[in-house]
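Taking it in order: structure first as structure tokens, then the write-up.
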Amino acid sequence: MARPFSDPWEALDKCQSGDVIHVAGGKYFGRLGNGMWEVPVDDVQLLGGYAADFKSREPWKNVTQLHWDKNSKNRPKQERLVSTKKGTVVDGFTIDQRDQCPYETPEQLGRKEYPSCDGPMRFALPATVRNCVIVNPGFDGIVAAAGSTLENNLVVNAVNWGININSTTDKQAVAVVKNNTIAFTMSFKEPGKGAYNGSGLALKAHATVTGNIIAFSDSNGIYLTANPEKSTLADNVFFMNLYSNLKFFSDGKDMPVDDKEMELLEEVGFKKVANNEVKNPQLPVDAEWLDRVSKRTAATPGKLTMDDFNKARQVLGLPMIAKGGTPPSGVAPAMDLDKALKLLAPKGAGQAGARVRPLTVSFQEVAAAAPEKAYKRMEVSAWLSKPESVEGQPLELVVALSSVANVSGVPAPFKPDEHAGVFLHEPTGSYGKFVGFFRKGSTAQRVADAATGEWGGSGPPPKLFLAKGTAYVMKGYPKAGFLVDSLEPYEAAAKVGSRPQGRDWFVRAGASGGDGSREKPFKDPWQALEKVESGDFVHVAEGEYYGKLKTGRWKIDAPYISLIGGYDAQFRERNPWKHPTRLFAPAEYKGRRDGYVLEGADDHTGAVVDGFVFDRATDNKYKPNGDLDYDNSEKLEHLWLSKPECVVRNSLFVNGAEGAVRIGSGNTLENNIFMNHHTRTVVVQRGFGTAPLIFRNNTVAFSWDIRFGQGNGRNGHLLSVENGVNAIIDGNIFEFADNDAIRLMANPADVELTNNTFNHNLWSNVMRPQENVTVDDKTFAQLKDFKFKKLAGNQVISAGLPIDQKWFDAYLNRTAYVPGKVTMDDWNQLREMLGQPVLATGGQGPSGFMPLYPWEKALKLFPANPKVTAGARAKDLPVSFTGVARAESDFDYQDVTWGEAAKSGSAWDALEGKRVAMRVVIRSTDNQYQLPELSKDEYTPFTVTGPEGTDSGGLPMRMYVKKGSKAERAVRQAKAYSSGTPEQWYVIKGVARGQRQLIAEAVERAD
């Protein structure tokens, strides 16, 4: 009790079957303020009403509210409290839904029928609900299953049904409804006409109904559809139920029992009927509230007469209602909670109804800790085929997890109905599976349930787990079983591949006749990129570059290529902010402006893009007033990299009509400035492997959407992290998102969010679309509710980015005068920090949408606020050229022909180990590796046929080429051939191998 949780959801997130959750009085708002709680496992008790020191429990004094804040952006999407588990106990809670329900007027004098509002509590399996207060419920007060116990609850001002008992597959189950007060159950249908809704208690299953007050129902006190033969009705008080006290079906007909015919209860067929009576329970109803309610109903002709209503009013000292008056029509006007609590003291109901009662306080004894097991680390493959060799031994295994497993074969003394199971696998996914089983409702089951189905059981698994438990032999198949004591995420050591050592290439704007050397550089990066091989460096001096044929497009199509900009003209110093290296298509270019500015093609693993300015202003169209003409602008990002191990750093991305960067996971973006983009700025997609995206020390500002500040799935976000991505998001500035700063579809448990600053994001700082939940400036403390893998050092603070005043005025004219986004004071504090004049409240500027931002000024977007250490910074960078000269091989190759040597297997085998050259037609790349000494990571297979194509005779032949080599590029660029007359021919040089295979060393056109 020294360090209790701050909300019941945190305990529900950790609990196991059999746990008891004790909750002190106060208002609770749920995870991320969404006003929802769900019981996750069987046999959990929730006990509310405690004093702050947990020494006493009085739910009616220490009111424990499960609440929703009407100012929260995160709305409930189901009932306030839900359980689909057996054995749930909810005791001592209050739910008032007046802030969630829609009303006709601000004064809440009557409910709207549409949109409907979910109710307070729903239990799919038998549960116990006692000592609870339900007031102003959305739809039905309590929905419970047959076999449930509902005792000493107050349900007041419900719409539809006060308590609803549903049937289940167990047709013998009997609910207990005891000593509850169910008052003022209303309907949108005309009161007093016998509708099924507007009934205090709906019985669709057997029930023992005793000692309840059921009063002021719009239609029926009890609406019974179940066979009454196993139900009991005793000691209940009925009053002012406008159509009947009981409505049931007999011989296909509706049969009401009203105040004047209570003796008919004996003829309904109940198991027992005794001591039910019609009388005024003298509930201390607020007179003003009852005045409104009774005026609505009294003028409606029905089972009750005007005199009946006037008697009730007379008790409260209200004036009589004359016949023929025009009543108000408000349904279920909101009742104040403090006035509802007074209904727990009826003066004329005898022992019936809910009451304030003394409750004892006790806590479960803490079980003695089990002896700690000494788990032995073992490889799964070492025992999987012989589980008997480790029978009964405690083991520690690194495993993958796939799908639900049948546990009928668990060994004695374990009982299948007390356990659940999943299939566990060797961590590479290559070996067979075995059954992991665990106690139902345990933490191990909860971890397994969350991961089940993410991986299908074949191929590399996206996640690994450390399983501790005991090995057993199962009765069925598979034979290997494992009783899991604990299951937790496991991070394997990252495999860092060594970059191959390539050569250095040099590029200088305006150069001519170059060969790519430092002395004679190329004039544009495209020339070097068409010649690079794996591991090469392309060093680019400051200046403007337009690409091949001035298209403003470049491709990296070999692995481990480093494209490095920001040098001075002599390549002696490097500072991309001092020596900007720009990649763009010139304004006068008349061709189609489609495609990415820079794109990773084929295998571009390990690409490095460092020190460039990407500005799509010349690819965009702008309206006469300066607004972006989105419809007529190019709609692709500046940069797209899908392969892993790529790095993008020290670069500027500005003026993108459809975002800045699309990138796969397992890559790094650091020390970049992203400014002025439409729709989204950076999108991270699931890539290859499980390595995390690293997004560090970037400044990301101004992502636009036509509907700003509206959220709920709108675009205008700065960073989108999609499903299946692991990520480290550290030390970034996120400002001026039209909607969400971070759109997080990835599992937060796979994301580290540290040391970032957020400000002026018009809807949220973090938004999770699957649940449509957000955290904004006001709810920033709720970031912890996302349950990030790591969360520390984040803050809401203005970085004071030195934004161009004229441009910023256009932005503010669109946003600052819209109420409810960021307040005028917030905007003016920023302008004062930047030395700009403040705005007057109430002004209205012209509209504007994403005008061009000057790239020169974007290069200077470093924070003016000295308290902000996050974001990108300009700096001098080291200069070194570590490339090596690539020696050209000078082998002698024996010329052979397809007809003489390749068409026949025996003729080719005679060339085993010899270097040969042969003219062929390239068909396509392949995925078959039949030479065991060749690694899939180092070689690409492809097939060829003879120079006459399919008329050459013989089957296609398989060859292998080194990945990232000039020869591989030639193979990938070759036009694929399948049949007919060939269009391209190549001479392949390499080493002949058996079974008509060849390791290619050179691939040259031979047309």
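The way I read the labels, and the way they are meant: chains A, B, ... in the order of the structure tokens, residue 1 as the first residue of every chain, and ligand 1 as the first ligand shown, with later ones counted on from there.
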Would you mind listing what lies within 10 Å of Lys85 in chain A as a tab-separated table (two decimals) with C-alpha atoms, in the first residue's frame, with only C-alpha atoms counted and same-chain residues fewer than 2 positions away left out?
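Final file, out16.tsv:
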```
chain	number	residue	atom	x	y	z
A	17	SER	CA	-6.29	-14.85	-11.87
A	38	GLU	CA	-11.79	-4.27	-18.85
A	39	VAL	CA	-11.16	-7.28	-16.63
A	40	PRO	CA	-8.49	-9.37	-18.42
A	41	VAL	CA	-8.53	-12.74	-16.61
A	42	ASP	CA	-10.82	-15.00	-14.59
A	43	ASP	CA	-11.54	-14.60	-10.88
A	44	VAL	CA	-10.52	-10.98	-10.35
A	82	VAL	CA	-16.52	-4.77	-19.18
A	83	SER	CA	-15.72	-8.36	-18.32
A	87	GLY	CA	-15.74	-15.04	-11.55
A	88	THR	CA	-15.52	-11.24	-11.78
A	123	PHE	CA	-20.63	-8.93	-17.95
A	124	ALA	CA	-20.64	-11.75	-20.49
A	125	LEU	CA	-20.20	-14.49	-17.88
A	126	PRO	CA	-21.63	-14.84	-14.36
A	127	ALA	CA	-20.31	-12.06	-12.13
A	441	GLY	CA	-4.99	-16.19	-15.95
```
*Within 7 Å of Asp785 in chain A, counting only C-alpha atoms, which residues qualify if same-chain residues fewer than 3 places away don't, as a list in words?*
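In the requested form, the answer reads Arg31, Leu32 and Gln782 of chain A.
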_Just want the 9 Å neighbourhood of Val331 in chain A, counted on only C-alpha atoms, with same-chain residues fewer than 4 positions away dropped. Output as a list of chain:residue names._
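My reading of the contact set: A:Leu109, A:Gly110, A:Arg111, A:Lys112, A:Glu113, A:Val159, A:Met186, A:Ser187, A:Phe188, A:Val293, A:Arg296.
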*Find the residues near range 944-960 of chain A: any atom within 7 Å, counting only C-alpha atoms, skip ones fewer than 2 places away on the same chain, and give them as a list in words.*
Trp898, Lys903, Arg919, Val920, Val921, Ile922, Arg923, Tyr939, Thr940, Pro941, Phe942, Lys962, Ser979, Thr981, Pro982, Trp985, Arg996, Gln997, Leu998, Ile999 and Ala1000 of chain A
_as a PyMOL selection string, please: the residues near Leu66 in chain A (cut-off 10 Å, only C-alpha atoms, same-chain neighbours under 4 positions excluded)._
chain A and resi 7-8+26-30+35-37+80-81+93-97+120
*List the neighbours of His760 in chain A out to 8 Å using only C-alpha atoms; skip same-chain residues closer than 4 positions along the sequence, and give me the result as a ChimeraX atom specification.*
/A:735-737,798,822
*Non-local contacts of range 964-975 of chain A (7 Å; only C-alpha atoms; under 2 positions in same chain excluded) as a PyMOL selection string*: chain A and resi 533-534+558-559+922+961-962+977+1001-1003
Restricting it to C-alpha atoms, dump the selection as an mmCIF file, in the first residue's frame.
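Everything below was put into selection-v3.cif:
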```
data_model
loop_
_atom_site.group_PDB
_atom_site.id
_atom_site.type_symbol
_atom_site.label_atom_id
_atom_site.label_comp_id
_atom_site.auth_asym_id
_atom_site.auth_seq_id
_atom_site.Cartn_x
_atom_site.Cartn_y
_atom_site.Cartn_z
ATOM 1 C CA GLU A 533 30.139 -1.133 -56.662
ATOM 2 C CA SER A 534 29.468 -2.374 -53.159
ATOM 3 C CA ALA A 558 24.161 -1.371 -55.057
ATOM 4 C CA PRO A 559 24.722 -2.253 -51.377
ATOM 5 C CA ILE A 922 20.104 -13.383 -69.893
ATOM 6 C CA VAL A 961 27.267 -13.036 -59.712
ATOM 7 C CA LYS A 962 28.752 -11.125 -56.767
ATOM 8 C CA TYR A 977 13.855 -12.862 -71.832
ATOM 9 C CA GLU A 1001 33.266 -12.509 -62.839
ATOM 10 C CA ALA A 1002 32.328 -10.162 -65.681
ATOM 11 C CA VAL A 1003 29.115 -9.443 -67.606
#
```
_According to DSSP computed on the backbone, where in range 421-647 of chain A is there strand (DSSP E)? Give the residues as a count of residues only._
70
*Which residue out of A:Asp19, A:Glu388, A:Glu983, A:Glu900 has the minimum interatomic distance to Phe363 in chain A when only C-alpha atoms are used?*
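Among the listed residues, A:Asp19 lies closest to Phe363 in chain A.
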*How many Å lie between CA of Glu365 in chain A and CA of Pro394 in chain A, rounded to one decimal?*
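Going from CA of Glu365 in chain A over to CA of Pro394 in chain A covers 27.7 Å.
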Using only C-alpha atoms, I'd like a table of the residues in range 668-735 of chain A that come within 12 Å of range 568-583 of chain A; for each, show the closest atom pair and its distance in Å rounded to one decimal, ordered by chain and ascending number, as a tab-separated table.
```
residue	atom	partner	partner_atom	distance
A:Asn671	CA	A:Pro576	CA	11.2
A:Asn672	CA	A:Pro576	CA	10.7
A:Ile673	CA	A:Trp577	CA	10.7
```
For the selection just defined, write its residues with all heavy atoms to a file, as a short mmCIF file (atom, residue, chain, number, x, y, z; two decimals), in the first residue's frame.
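What follows is the written file selection_6.cif:
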```
data_model
loop_
_atom_site.label_atom_id
_atom_site.label_comp_id
_atom_site.auth_asym_id
_atom_site.auth_seq_id
_atom_site.Cartn_x
_atom_site.Cartn_y
_atom_site.Cartn_z
N ASN A 671 20.01 13.94 -37.15
CA ASN A 671 20.51 15.29 -37.38
C ASN A 671 20.04 15.87 -38.71
O ASN A 671 20.78 16.57 -39.40
CB ASN A 671 22.03 15.35 -37.29
CG ASN A 671 22.51 16.74 -36.88
OD1 ASN A 671 22.02 17.32 -35.92
ND2 ASN A 671 23.46 17.29 -37.64
N ASN A 672 18.77 15.60 -39.05
CA ASN A 672 18.17 16.16 -40.26
C ASN A 672 17.15 17.23 -39.88
O ASN A 672 16.56 17.20 -38.79
CB ASN A 672 17.46 15.07 -41.06
CG ASN A 672 18.39 13.95 -41.45
OD1 ASN A 672 19.28 14.12 -42.28
ND2 ASN A 672 18.20 12.78 -40.84
N ILE A 673 16.90 18.15 -40.81
CA ILE A 673 15.83 19.13 -40.67
C ILE A 673 14.76 18.80 -41.71
O ILE A 673 15.06 18.68 -42.90
CB ILE A 673 16.34 20.57 -40.89
CG1 ILE A 673 17.35 20.94 -39.79
CG2 ILE A 673 15.18 21.55 -40.88
CD1 ILE A 673 18.02 22.29 -40.02
#
```
*Expected answer as an NGL selection string: alpha helix (DSSP H) residues in range 404-560 of chain A*: :A and (443-451 or 525-529)
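Shortest separation to Phe506 in chain A among A:Gly269, A:Pro460, A:Gly883, A:Gly162 occurs at residue A:Gly883, atoms counted being only C-alpha atoms.
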*Quick one: distance from CA of Lys778 in chain A to CA of Trp68 in chain A in Å, one decimal?*
15.4 Å
*Go through A:Glu372, A:Asp890, A:Asp91, A:Glu491 and flag the residue nearest Arg57 in chain A, using only C-alpha atoms for the distances.*
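Going through A:Glu372, A:Asp890, A:Asp91, A:Glu491 one by one, the smallest distance to Arg57 in chain A is for A:Asp91.
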*Between A:Gly353, A:Gly436, A:Gly731, A:Pro358, which has the minimum distance to Pro478 in chain A (counting only C-alpha atoms)?*
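Among the listed residues, A:Gly436 lies closest to Pro478 in chain A.
Distance-wise, CA of Ile556 in chain A and CA of Glu599 in chain A end up 6.3 Å apart.
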